[in-house]
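For reference, coords_22.pdb is printed below; it contains PDB, C-alpha atoms, pLDDT in the B column.
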ATOM      1  CA  MET A   1     123.183 -27.572 -45.217  1.00 81.00           C
ATOM      2  CA  PRO A   2     120.473 -29.740 -46.834  1.00 81.00           C
ATOM      3  CA  SER A   3     119.276 -28.721 -50.281  1.00 88.00           C
ATOM      4  CA  ALA A   4     115.762 -27.365 -50.765  1.00 88.00           C
ATOM      5  CA  TRP A   5     114.798 -30.761 -52.224  1.00 86.00           C
ATOM      6  CA  GLU A   6     116.133 -32.610 -49.181  1.00 89.00           C
ATOM      7  CA  GLU A   7     114.423 -30.218 -46.796  1.00 93.00           C
ATOM      8  CA  ARG A   8     111.053 -30.394 -48.578  1.00 92.00           C
ATOM      9  CA  TYR A   9     111.003 -34.198 -48.546  1.00 92.00           C
ATOM     10  CA  ASP A  10     112.961 -34.792 -45.347  1.00 94.00           C
ATOM     11  CA  ARG A  11     110.195 -36.725 -43.598  1.00 95.00           C
ATOM     12  CA  GLN A  12     109.631 -39.048 -46.570  1.00 93.00           C
ATOM     13  CA  ILE A  13     113.357 -39.587 -47.110  1.00 93.00           C
ATOM     14  CA  ARG A  14     113.420 -40.869 -43.546  1.00 95.00           C
ATOM     15  CA  VAL A  15     110.941 -43.554 -44.623  1.00 94.00           C
ATOM     16  CA  TRP A  16     112.196 -44.831 -47.981  1.00 93.00           C
ATOM     17  CA  GLY A  17     115.578 -43.145 -48.316  1.00 92.00           C
ATOM     18  CA  ARG A  18     117.060 -40.788 -50.880  1.00 91.00           C
ATOM     19  CA  GLU A  19     116.943 -43.438 -53.600  1.00 92.00           C
ATOM     20  CA  GLY A  20     113.220 -43.980 -53.147  1.00 92.00           C
ATOM     21  CA  GLN A  21     112.507 -40.256 -53.093  1.00 91.00           C
ATOM     22  CA  ALA A  22     114.724 -39.716 -56.137  1.00 91.00           C
ATOM     23  CA  ARG A  23     112.412 -41.990 -58.121  1.00 90.00           C
ATOM     24  CA  LEU A  24     109.709 -39.387 -57.553  1.00 87.00           C
ATOM     25  CA  LYS A  25     111.951 -36.361 -58.141  1.00 82.00           C
ATOM     26  CA  VAL A  26     111.763 -36.074 -61.918  1.00 81.00           C
ATOM     27  CA  GLY A  27     108.292 -36.421 -63.293  1.00 79.00           C
ATOM     28  CA  ARG A  28     104.978 -34.838 -64.008  1.00 90.00           C
ATOM     29  CA  VAL A  29     101.347 -35.017 -63.044  1.00 96.00           C
ATOM     30  CA  VAL A  30      98.739 -35.122 -65.800  1.00 97.00           C
ATOM     31  CA  LEU A  31      95.230 -33.976 -64.856  1.00 98.00           C
ATOM     32  CA  VAL A  32      92.438 -34.977 -67.249  1.00 98.00           C
ATOM     33  CA  ASP A  33      88.913 -33.594 -66.858  1.00 97.00           C
ATOM     34  CA  PRO A  34      86.658 -31.593 -69.220  1.00 97.00           C
ATOM     35  CA  GLU A  35      84.354 -30.211 -66.515  1.00 97.00           C
ATOM     36  CA  ARG A  36      84.091 -26.868 -64.802  1.00 98.00           C
ATOM     37  CA  VAL A  37      83.923 -26.249 -61.063  1.00 98.00           C
ATOM     38  CA  GLU A  38      80.419 -26.308 -59.611  1.00 97.00           C
ATOM     39  CA  LEU A  39      79.344 -25.054 -56.200  1.00 97.00           C
ATOM     40  CA  SER A  40      78.266 -28.588 -55.257  1.00 95.00           C
ATOM     41  CA  ASN A  41      81.874 -29.794 -55.759  1.00 96.00           C
ATOM     42  CA  LEU A  42      83.169 -27.731 -52.871  1.00 96.00           C
ATOM     43  CA  ASN A  43      82.021 -30.031 -50.064  1.00 94.00           C
ATOM     44  CA  ARG A  44      84.694 -32.558 -51.063  1.00 95.00           C
ATOM     45  CA  GLN A  45      87.014 -31.310 -53.837  1.00 95.00           C
ATOM     46  CA  VAL A  46      89.452 -29.293 -51.747  1.00 94.00           C
ATOM     47  CA  LEU A  47      91.620 -27.970 -54.583  1.00 95.00           C
ATOM     48  CA  TYR A  48      88.697 -25.755 -55.650  1.00 97.00           C
ATOM     49  CA  TRP A  49      87.572 -22.590 -53.892  1.00 97.00           C
ATOM     50  CA  THR A  50      84.436 -20.472 -54.210  1.00 98.00           C
ATOM     51  CA  ARG A  51      86.219 -18.085 -56.559  1.00 98.00           C
ATOM     52  CA  ASP A  52      86.858 -21.012 -58.952  1.00 98.00           C
ATOM     53  CA  VAL A  53      83.190 -21.778 -59.678  1.00 98.00           C
ATOM     54  CA  GLY A  54      82.664 -21.777 -63.434  1.00 98.00           C
ATOM     55  CA  LYS A  55      86.346 -22.282 -64.288  1.00 98.00           C
ATOM     56  CA  LEU A  56      87.925 -25.398 -65.800  1.00 98.00           C
ATOM     57  CA  LYS A  57      88.748 -27.885 -63.062  1.00 98.00           C
ATOM     58  CA  VAL A  58      92.106 -28.956 -64.462  1.00 98.00           C
ATOM     59  CA  GLU A  59      93.330 -25.389 -64.799  1.00 98.00           C
ATOM     60  CA  CYS A  60      92.328 -24.467 -61.233  1.00 98.00           C
ATOM     61  CA  ALA A  61      93.881 -27.630 -59.831  1.00 98.00           C
ATOM     62  CA  ALA A  62      97.076 -27.152 -61.836  1.00 98.00           C
ATOM     63  CA  GLU A  63      97.429 -23.579 -60.600  1.00 97.00           C
ATOM     64  CA  LYS A  64      97.157 -24.631 -56.927  1.00 97.00           C
ATOM     65  CA  LEU A  65      99.533 -27.572 -57.340  1.00 96.00           C
ATOM     66  CA  ARG A  66     102.144 -25.408 -59.056  1.00 95.00           C
ATOM     67  CA  GLU A  67     102.013 -23.017 -56.118  1.00 96.00           C
ATOM     68  CA  LEU A  68     102.415 -25.924 -53.720  1.00 94.00           C
ATOM     69  CA  ASN A  69     105.466 -27.258 -55.556  1.00 93.00           C
ATOM     70  CA  PRO A  70     106.798 -25.340 -58.567  1.00 92.00           C
ATOM     71  CA  GLU A  71     109.373 -28.081 -59.222  1.00 89.00           C
ATOM     72  CA  VAL A  72     106.703 -30.548 -60.350  1.00 92.00           C
ATOM     73  CA  LYS A  73     105.477 -30.319 -63.928  1.00 95.00           C
ATOM     74  CA  ILE A  74     101.679 -30.213 -63.988  1.00 97.00           C
ATOM     75  CA  GLU A  75      99.864 -30.772 -67.290  1.00 97.00           C
ATOM     76  CA  ALA A  76      96.202 -29.794 -67.555  1.00 98.00           C
ATOM     77  CA  VAL A  77      94.221 -31.684 -70.202  1.00 98.00           C
ATOM     78  CA  PRO A  78      90.634 -30.369 -70.411  1.00 98.00           C
ATOM     79  CA  GLU A  79      89.345 -33.386 -72.344  1.00 97.00           C
ATOM     80  CA  ARG A  80      86.927 -36.231 -71.718  1.00 97.00           C
ATOM     81  CA  ILE A  81      88.552 -39.673 -71.641  1.00 98.00           C
ATOM     82  CA  THR A  82      87.245 -41.702 -74.579  1.00 97.00           C
ATOM     83  CA  GLU A  83      88.087 -44.745 -76.651  1.00 97.00           C
ATOM     84  CA  ASP A  84      89.890 -42.390 -79.033  1.00 97.00           C
ATOM     85  CA  ASN A  85      92.334 -40.830 -76.581  1.00 98.00           C
ATOM     86  CA  VAL A  86      92.629 -43.241 -73.636  1.00 98.00           C
ATOM     87  CA  ARG A  87      95.619 -45.187 -74.965  1.00 98.00           C
ATOM     88  CA  ASP A  88      97.606 -42.038 -75.739  1.00 97.00           C
ATOM     89  CA  LEU A  89      96.884 -40.621 -72.292  1.00 98.00           C
ATOM     90  CA  VAL A  90      97.737 -43.832 -70.423  1.00 98.00           C
ATOM     91  CA  SER A  91     100.863 -44.574 -72.463  1.00 97.00           C
ATOM     92  CA  SER A  92     102.327 -41.169 -71.535  1.00 95.00           C
ATOM     93  CA  VAL A  93     102.403 -41.848 -67.768  1.00 96.00           C
ATOM     94  CA  ASP A  94     103.859 -44.419 -65.373  1.00 96.00           C
ATOM     95  CA  LEU A  95     100.747 -44.885 -63.226  1.00 98.00           C
ATOM     96  CA  VAL A  96      97.060 -43.964 -63.346  1.00 98.00           C
ATOM     97  CA  VAL A  97      94.996 -42.837 -60.349  1.00 98.00           C
ATOM     98  CA  ASP A  98      91.237 -43.192 -60.770  1.00 97.00           C
ATOM     99  CA  GLY A  99      89.447 -39.949 -59.933  1.00 95.00           C
ATOM    100  CA  MET A 100      86.438 -40.718 -62.116  1.00 94.00           C
ATOM    101  CA  ASP A 101      82.790 -40.266 -61.190  1.00 91.00           C
ATOM    102  CA  ASN A 102      81.397 -42.921 -63.543  1.00 93.00           C
ATOM    103  CA  TRP A 103      82.004 -46.614 -64.122  1.00 95.00           C
ATOM    104  CA  GLY A 104      82.152 -46.462 -67.899  1.00 95.00           C
ATOM    105  CA  THR A 105      85.319 -44.348 -67.820  1.00 96.00           C
ATOM    106  CA  ARG A 106      86.802 -46.366 -64.947  1.00 97.00           C
ATOM    107  CA  LEU A 107      86.487 -49.612 -66.870  1.00 97.00           C
ATOM    108  CA  LEU A 108      87.853 -47.933 -69.995  1.00 97.00           C
ATOM    109  CA  LEU A 109      90.932 -46.809 -68.049  1.00 98.00           C
ATOM    110  CA  ASN A 110      91.265 -50.243 -66.457  1.00 98.00           C
ATOM    111  CA  ARG A 111      91.363 -51.909 -69.868  1.00 98.00           C
ATOM    112  CA  ALA A 112      93.935 -49.464 -71.266  1.00 98.00           C
ATOM    113  CA  CYS A 113      96.158 -49.866 -68.189  1.00 98.00           C
ATOM    114  CA  VAL A 114      96.064 -53.665 -68.422  1.00 98.00           C
ATOM    115  CA  GLU A 115      96.817 -53.607 -72.149  1.00 97.00           C
ATOM    116  CA  LEU A 116      99.718 -51.180 -71.700  1.00 98.00           C
ATOM    117  CA  GLY A 117     101.052 -52.690 -68.475  1.00 97.00           C
ATOM    118  CA  LYS A 118     100.470 -49.596 -66.321  1.00 98.00           C
ATOM    119  CA  PRO A 119      99.533 -49.748 -62.617  1.00 98.00           C
ATOM    120  CA  PHE A 120      95.995 -48.518 -61.981  1.00 98.00           C
ATOM    121  CA  VAL A 121      94.838 -47.378 -58.529  1.00 98.00           C
ATOM    122  CA  HIS A 122      91.041 -47.394 -58.404  1.00 98.00           C
ATOM    123  CA  ALA A 123      88.810 -45.850 -55.770  1.00 98.00           C
ATOM    124  CA  GLY A 124      85.143 -45.033 -55.681  1.00 96.00           C
ATOM    125  CA  VAL A 125      82.812 -43.529 -53.084  1.00 96.00           C
ATOM    126  CA  TYR A 126      79.097 -43.521 -52.324  1.00 95.00           C
ATOM    127  CA  GLU A 127      77.526 -41.753 -49.364  1.00 96.00           C
ATOM    128  CA  ALA A 128      80.031 -42.320 -46.491  1.00 97.00           C
ATOM    129  CA  GLN A 129      81.498 -45.489 -47.992  1.00 97.00           C
ATOM    130  CA  GLY A 130      84.115 -46.360 -50.547  1.00 97.00           C
ATOM    131  CA  GLN A 131      86.446 -48.985 -51.945  1.00 97.00           C
ATOM    132  CA  LEU A 132      89.996 -49.182 -53.254  1.00 98.00           C
ATOM    133  CA  LEU A 133      91.662 -51.684 -55.579  1.00 98.00           C
ATOM    134  CA  THR A 134      95.225 -51.568 -56.854  1.00 98.00           C
ATOM    135  CA  VAL A 135      95.673 -53.184 -60.253  1.00 98.00           C
ATOM    136  CA  ILE A 136      99.142 -54.341 -61.276  1.00 97.00           C
ATOM    137  CA  PRO A 137      98.702 -55.935 -64.702  1.00 96.00           C
ATOM    138  CA  ARG A 138      99.479 -59.666 -64.818  1.00 93.00           C
ATOM    139  CA  LYS A 139     100.128 -59.775 -61.070  1.00 95.00           C
ATOM    140  CA  GLY A 140      96.563 -59.731 -59.785  1.00 95.00           C
ATOM    141  CA  PRO A 141      92.921 -59.099 -60.686  1.00 97.00           C
ATOM    142  CA  CYS A 142      91.844 -56.070 -62.665  1.00 98.00           C
ATOM    143  CA  LEU A 143      88.848 -53.894 -61.920  1.00 97.00           C
ATOM    144  CA  GLN A 144      86.609 -55.845 -64.283  1.00 97.00           C
ATOM    145  CA  CYS A 145      87.453 -59.101 -62.493  1.00 97.00           C
ATOM    146  CA  VAL A 146      85.904 -57.613 -59.359  1.00 96.00           C
ATOM    147  CA  PHE A 147      83.083 -55.732 -61.099  1.00 95.00           C
ATOM    148  CA  PRO A 148      82.157 -57.800 -64.198  1.00 93.00           C
ATOM    149  CA  GLU A 149      79.147 -55.535 -64.764  1.00 89.00           C
ATOM    150  CA  PRO A 150      79.266 -51.802 -64.068  1.00 88.00           C
ATOM    151  CA  PRO A 151      77.281 -50.888 -60.951  1.00 87.00           C
ATOM    152  CA  PRO A 152      74.226 -48.700 -61.651  1.00 87.00           C
ATOM    153  CA  GLU A 153      74.999 -45.011 -62.014  1.00 88.00           C
ATOM    154  CA  VAL A 154      73.214 -42.568 -59.707  1.00 86.00           C
ATOM    155  CA  ARG A 155      73.084 -38.899 -60.713  1.00 86.00           C
ATOM    156  CA  PRO A 156      73.765 -36.876 -58.705  1.00 89.00           C
ATOM    157  CA  PHE A 157      75.243 -39.411 -56.318  1.00 86.00           C
ATOM    158  CA  PRO A 158      75.188 -38.759 -52.552  1.00 93.00           C
ATOM    159  CA  VAL A 159      78.545 -38.316 -50.848  1.00 95.00           C
ATOM    160  CA  VAL A 160      79.784 -37.168 -47.447  1.00 96.00           C
ATOM    161  CA  GLY A 161      82.614 -34.725 -48.069  1.00 95.00           C
ATOM    162  CA  THR A 162      85.212 -36.608 -46.024  1.00 96.00           C
ATOM    163  CA  ALA A 163      84.780 -39.971 -47.782  1.00 97.00           C
ATOM    164  CA  PRO A 164      86.653 -38.957 -50.975  1.00 96.00           C
ATOM    165  CA  GLY A 165      89.427 -37.554 -48.780  1.00 96.00           C
ATOM    166  CA  VAL A 166      89.897 -40.877 -47.024  1.00 97.00           C
ATOM    167  CA  LEU A 167      89.993 -42.862 -50.268  1.00 98.00           C
ATOM    168  CA  ALA A 168      92.126 -40.304 -52.103  1.00 97.00           C
ATOM    169  CA  THR A 169      94.740 -40.407 -49.346  1.00 97.00           C
ATOM    170  CA  LEU A 170      94.862 -44.197 -49.606  1.00 97.00           C
ATOM    171  CA  GLN A 171      95.207 -43.926 -53.395  1.00 98.00           C
ATOM    172  CA  ALA A 172      98.066 -41.456 -53.070  1.00 97.00           C
ATOM    173  CA  THR A 173      99.783 -43.761 -50.571  1.00 97.00           C
ATOM    174  CA  GLU A 174      99.556 -46.689 -52.992  1.00 97.00           C
ATOM    175  CA  ALA A 175     100.802 -44.562 -55.894  1.00 97.00           C
ATOM    176  CA  LEU A 176     103.791 -43.269 -53.922  1.00 95.00           C
ATOM    177  CA  LYS A 177     104.704 -46.777 -52.745  1.00 96.00           C
ATOM    178  CA  ILE A 178     104.599 -48.189 -56.261  1.00 96.00           C
ATOM    179  CA  LEU A 179     106.616 -45.341 -57.795  1.00 95.00           C
ATOM    180  CA  ALA A 180     109.154 -45.213 -54.965  1.00 94.00           C
ATOM    181  CA  GLY A 181     109.532 -49.000 -54.848  1.00 93.00           C
ATOM    182  CA  TYR A 182     108.631 -49.127 -51.168  1.00 93.00           C
ATOM    183  CA  GLY A 183     106.436 -51.604 -49.307  1.00 93.00           C
ATOM    184  CA  THR A 184     103.882 -53.878 -50.953  1.00 94.00           C
ATOM    185  CA  ALA A 185     101.015 -52.774 -53.165  1.00 94.00           C
ATOM    186  CA  SER A 186      97.602 -54.077 -52.092  1.00 92.00           C
ATOM    187  CA  VAL A 187      97.199 -56.359 -55.107  1.00 96.00           C
ATOM    188  CA  GLY A 188      94.431 -58.939 -54.785  1.00 96.00           C
ATOM    189  CA  LYS A 189      92.702 -57.024 -52.009  1.00 97.00           C
ATOM    190  CA  LEU A 190      89.589 -54.884 -52.215  1.00 97.00           C
ATOM    191  CA  ILE A 191      89.819 -52.350 -49.380  1.00 97.00           C
ATOM    192  CA  VAL A 192      86.343 -51.328 -48.240  1.00 98.00           C
ATOM    193  CA  PHE A 193      85.814 -48.235 -46.065  1.00 98.00           C
ATOM    194  CA  ASP A 194      82.606 -47.703 -44.100  1.00 98.00           C
ATOM    195  CA  GLY A 195      82.363 -44.235 -42.637  1.00 97.00           C
ATOM    196  CA  TYR A 196      79.123 -45.000 -40.789  1.00 96.00           C
ATOM    197  CA  ASP A 197      80.897 -47.138 -38.190  1.00 96.00           C
ATOM    198  CA  LEU A 198      84.441 -46.042 -39.142  1.00 96.00           C
ATOM    199  CA  SER A 199      85.681 -49.456 -40.168  1.00 98.00           C
ATOM    200  CA  PHE A 200      87.823 -50.993 -42.884  1.00 97.00           C
ATOM    201  CA  TYR A 201      87.343 -54.406 -44.433  1.00 96.00           C
ATOM    202  CA  VAL A 202      89.732 -56.336 -46.664  1.00 97.00           C
ATOM    203  CA  VAL A 203      88.148 -58.653 -49.228  1.00 97.00           C
ATOM    204  CA  ALA A 204      90.460 -61.096 -51.019  1.00 97.00           C
ATOM    205  CA  VAL A 205      89.853 -61.013 -54.779  1.00 97.00           C
ATOM    206  CA  LYS A 206      91.324 -63.097 -57.605  1.00 96.00           C
ATOM    207  CA  ARG A 207      91.711 -62.877 -61.355  1.00 95.00           C
ATOM    208  CA  ARG A 208      88.813 -64.402 -63.255  1.00 95.00           C
ATOM    209  CA  PRO A 209      89.926 -66.747 -66.058  1.00 95.00           C
ATOM    210  CA  ASP A 210      86.972 -65.526 -68.127  1.00 95.00           C
ATOM    211  CA  CYS A 211      87.659 -61.826 -67.566  1.00 96.00           C
ATOM    212  CA  PRO A 212      87.435 -60.094 -70.979  1.00 95.00           C
ATOM    213  CA  VAL A 213      90.225 -57.712 -69.958  1.00 97.00           C
ATOM    214  CA  CYS A 214      92.901 -59.773 -68.197  1.00 95.00           C
ATOM    215  CA  GLY A 215      91.686 -63.391 -68.355  1.00 89.00           C
ATOM    216  CA  GLY A 216      93.430 -66.196 -70.209  1.00 74.00           C
TER     217      GLY A 216
END

Turn this file's structure into structure tokens for me.
Amino acid sequence: MPSAWEERYDRQIRVWGREGQARLKVGRVVLVDPERVELSNLNRQVLYWTRDVGKLKVECAAEKLRELNPEVKIEAVPERITEDNVRDLVSSVDLVVDGMDNWGTRLLLNRACVELGKPFVHAGVYEAQGQLLTVIPRKGPCLQCVFPEPPPEVRPFPVVGTAPGVLATLQATEALKILAGYGTASVGKLIVFDGYDLSFYVVAVKRRPDCPVCGG
């Protein structure tokens, strides 16, 4: 009889084998966010329910994820990512997934990941569109190579609820591939999603020699 672990991940083991899945077996997920759930989050942030409005996001998300899989260690950090704590947070994990809603924090995470040699999977959305970039330090361009200046911030920004789901699924796929050692990460490619005509575009991007983060 297969173990509970083998049964839970049977379909993935059929893709990248027991060895690949074993690389994901022992680990933890660290959620970092100081905010509380707002009613306007519920059109797209599916880990939160109406009953969660007003509660800390990381605690609600951690509770749901623990119910989904009690074997995974989930750490909830209700803090804002700043210059003071970013290196400690990034150094404690193997990979960073960008779930930010502002470019200042994204570029701060990008810099810390490059300096510490950690893979960084960026995604951002606006209206029904979005983009994804996987950063593997010293193997391809970083986020600041592609966006030398932060795009203007719009508050509150418009977003169709399904767009974050599309980009988040792509981010999770990249993260799993990198951690499991399966396939090829999309380094050097900006993946652009356009929900208006349901199309994907791939834009080749390169490291900039003058990039203040990864150049030289």

Mind dumping a table of every stretch 51-128 of chain A residue within 10 Å of stretch 168-171 of chain A, with the nearest atom pair and its distance in Å to one decimal, using all atoms listed in the file, sorted by chain and rising number, as CSV?
residue,atom,partner,partner_atom,distance
A:Val97,CA,A:Gln171,CA,7.0
A:Asp98,CA,A:Gln171,CA,8.4
A:Gly99,CA,A:Ala168,CA,8.3
A:Phe120,CA,A:Gln171,CA,9.8
A:Val121,CA,A:Gln171,CA,6.2
A:His122,CA,A:Gln171,CA,7.4
A:Ala123,CA,A:Gln171,CA,7.1
A:Gly124,CA,A:Ala168,CA,9.2
A:Val125,CA,A:Ala168,CA,9.9

Exercise. Hey, what's within 10 Å of A:Glu83 if we count only C-alpha atoms and toss same-chain stuff fewer than 4 positions away? As a PyMOL selection string, please?
Worked result: chain A and resi 87-88+105+108-109+112

Problem set entry | Spatial neighbours of A:Phe193, 12 Å, only C-alpha atoms, chain gap at least 6 places, as a list in words | Ala123, Gly124, Val125, Tyr126, Glu127, Ala128, Gln129, Gly130, Gln131, Leu132, Leu133, Thr162, Ala163, Pro164, Gly165, Val166, Leu167, Ala168, Leu170, Ser199, Phe200, Tyr201, Val202 and Val203 of chain A

Problem set entry | Contact residues around A:Leu179 with all atoms listed in the file at 7 Å, ignoring same-chain residues under 4 positions, as a list in words |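 Surrounding residues, per the criterion: Arg23, Leu24 and Ala175 of chain A.
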
Just the selected residues (C-alpha atoms), exported as a short mmCIF file (atom, residue, chain, number, x, y, z; two decimals), in the coordinates of the input, please.
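Saved as selection34.cif:
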data_model
loop_
_atom_site.label_atom_id
_atom_site.label_comp_id
_atom_site.auth_asym_id
_atom_site.auth_seq_id
_atom_site.Cartn_x
_atom_site.Cartn_y
_atom_site.Cartn_z
CA ARG A 23 112.41 -41.99 -58.12
CA LEU A 24 109.71 -39.39 -57.55
CA ALA A 175 100.80 -44.56 -55.89
#

Exercise. Using only C-alpha atoms, which of the listed residues (A:Ile136, A:Leu143, A:Leu65, A:Val53) sits closest to A:Thr184?
Worked result: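 So, comparing all the options, the nearest one is A:Ile136.
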
Under the PyMOL selection byres ((chain A and resi 153) around 12), which residues of this model are included? Write them out as a short mmCIF file (atom, residue, chain, number, x, y, z; two decimals) with C-alpha atoms, in the frame of the given file.
data_model
loop_
_atom_site.label_atom_id
_atom_site.label_comp_id
_atom_site.auth_asym_id
_atom_site.auth_seq_id
_atom_site.Cartn_x
_atom_site.Cartn_y
_atom_site.Cartn_z
CA ASP A 101 82.79 -40.27 -61.19
CA ASN A 102 81.40 -42.92 -63.54
CA TRP A 103 82.00 -46.61 -64.12
CA GLY A 104 82.15 -46.46 -67.90
CA THR A 105 85.32 -44.35 -67.82
CA GLY A 124 85.14 -45.03 -55.68
CA VAL A 125 82.81 -43.53 -53.08
CA TYR A 126 79.10 -43.52 -52.32
CA GLU A 149 79.15 -55.54 -64.76
CA PRO A 150 79.27 -51.80 -64.07
CA PRO A 151 77.28 -50.89 -60.95
CA PRO A 152 74.23 -48.70 -61.65
CA VAL A 154 73.21 -42.57 -59.71
CA ARG A 155 73.08 -38.90 -60.71
CA PRO A 156 73.76 -36.88 -58.70
CA PHE A 157 75.24 -39.41 -56.32
CA PRO A 158 75.19 -38.76 -52.55
#

Problem set entry | Atomic distance atom CA of A:Gly183 - atom CA of A:Val15, expressed in Å with one decimal |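 Pair atom CA of A:Gly183 / atom CA of A:Val15 returns 10.3 Å.
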
Since fewer atoms than expected are present, regenerate N, CA and C atoms for stretch 45-64 of chain A and write them as a tab-separated table (two decimals), keeping the file's coordinate frame.
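Produced file rebuild.tsv, reproduced below:
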chain	number	residue	atom	x	y	z
A	45	GLN	N	85.89	-31.48	-52.91
A	45	GLN	CA	87.01	-31.31	-53.84
A	45	GLN	C	87.83	-30.10	-53.39
A	46	VAL	N	88.81	-30.37	-52.52
A	46	VAL	CA	89.45	-29.29	-51.75
A	46	VAL	C	90.42	-28.44	-52.55
A	47	LEU	N	90.75	-28.82	-53.76
A	47	LEU	CA	91.62	-27.97	-54.58
A	47	LEU	C	90.84	-26.80	-55.19
A	48	TYR	N	89.51	-26.81	-55.07
A	48	TYR	CA	88.70	-25.76	-55.65
A	48	TYR	C	88.11	-24.88	-54.56
A	49	TRP	N	88.09	-23.56	-54.84
A	49	TRP	CA	87.57	-22.59	-53.89
A	49	TRP	C	86.37	-21.90	-54.51
A	50	THR	N	85.65	-21.13	-53.71
A	50	THR	CA	84.44	-20.47	-54.21
A	50	THR	C	84.73	-19.61	-55.43
A	51	ARG	N	85.87	-18.96	-55.43
A	51	ARG	CA	86.22	-18.08	-56.56
A	51	ARG	C	86.43	-18.86	-57.86
A	52	ASP	N	86.59	-20.20	-57.77
A	52	ASP	CA	86.86	-21.01	-58.95
A	52	ASP	C	85.60	-21.48	-59.66
A	53	VAL	N	84.43	-21.29	-59.07
A	53	VAL	CA	83.19	-21.78	-59.68
A	53	VAL	C	83.05	-21.23	-61.10
A	54	GLY	N	82.80	-22.15	-62.03
A	54	GLY	CA	82.66	-21.78	-63.43
A	54	GLY	C	83.93	-21.94	-64.25
A	55	LYS	N	85.07	-22.12	-63.58
A	55	LYS	CA	86.35	-22.28	-64.29
A	55	LYS	C	86.64	-23.76	-64.56
A	56	LEU	N	87.54	-24.02	-65.51
A	56	LEU	CA	87.92	-25.40	-65.80
A	56	LEU	C	88.62	-26.02	-64.59
A	57	LYS	N	88.19	-27.22	-64.24
A	57	LYS	CA	88.75	-27.88	-63.06
A	57	LYS	C	90.25	-28.11	-63.19
A	58	VAL	N	90.69	-28.62	-64.34
A	58	VAL	CA	92.11	-28.96	-64.46
A	58	VAL	C	92.99	-27.72	-64.36
A	59	GLU	N	92.52	-26.60	-64.86
A	59	GLU	CA	93.33	-25.39	-64.80
A	59	GLU	C	93.41	-24.86	-63.37
A	60	CYS	N	92.31	-24.91	-62.63
A	60	CYS	CA	92.33	-24.47	-61.23
A	60	CYS	C	93.21	-25.38	-60.40
A	61	ALA	N	93.08	-26.68	-60.60
A	61	ALA	CA	93.88	-27.63	-59.83
A	61	ALA	C	95.36	-27.47	-60.16
A	62	ALA	N	95.68	-27.31	-61.43
A	62	ALA	CA	97.08	-27.15	-61.84
A	62	ALA	C	97.68	-25.90	-61.22
A	63	GLU	N	96.92	-24.83	-61.18
A	63	GLU	CA	97.43	-23.58	-60.60
A	63	GLU	C	97.79	-23.77	-59.12
A	64	LYS	N	96.90	-24.42	-58.36
A	64	LYS	CA	97.16	-24.63	-56.93
A	64	LYS	C	98.36	-25.55	-56.71
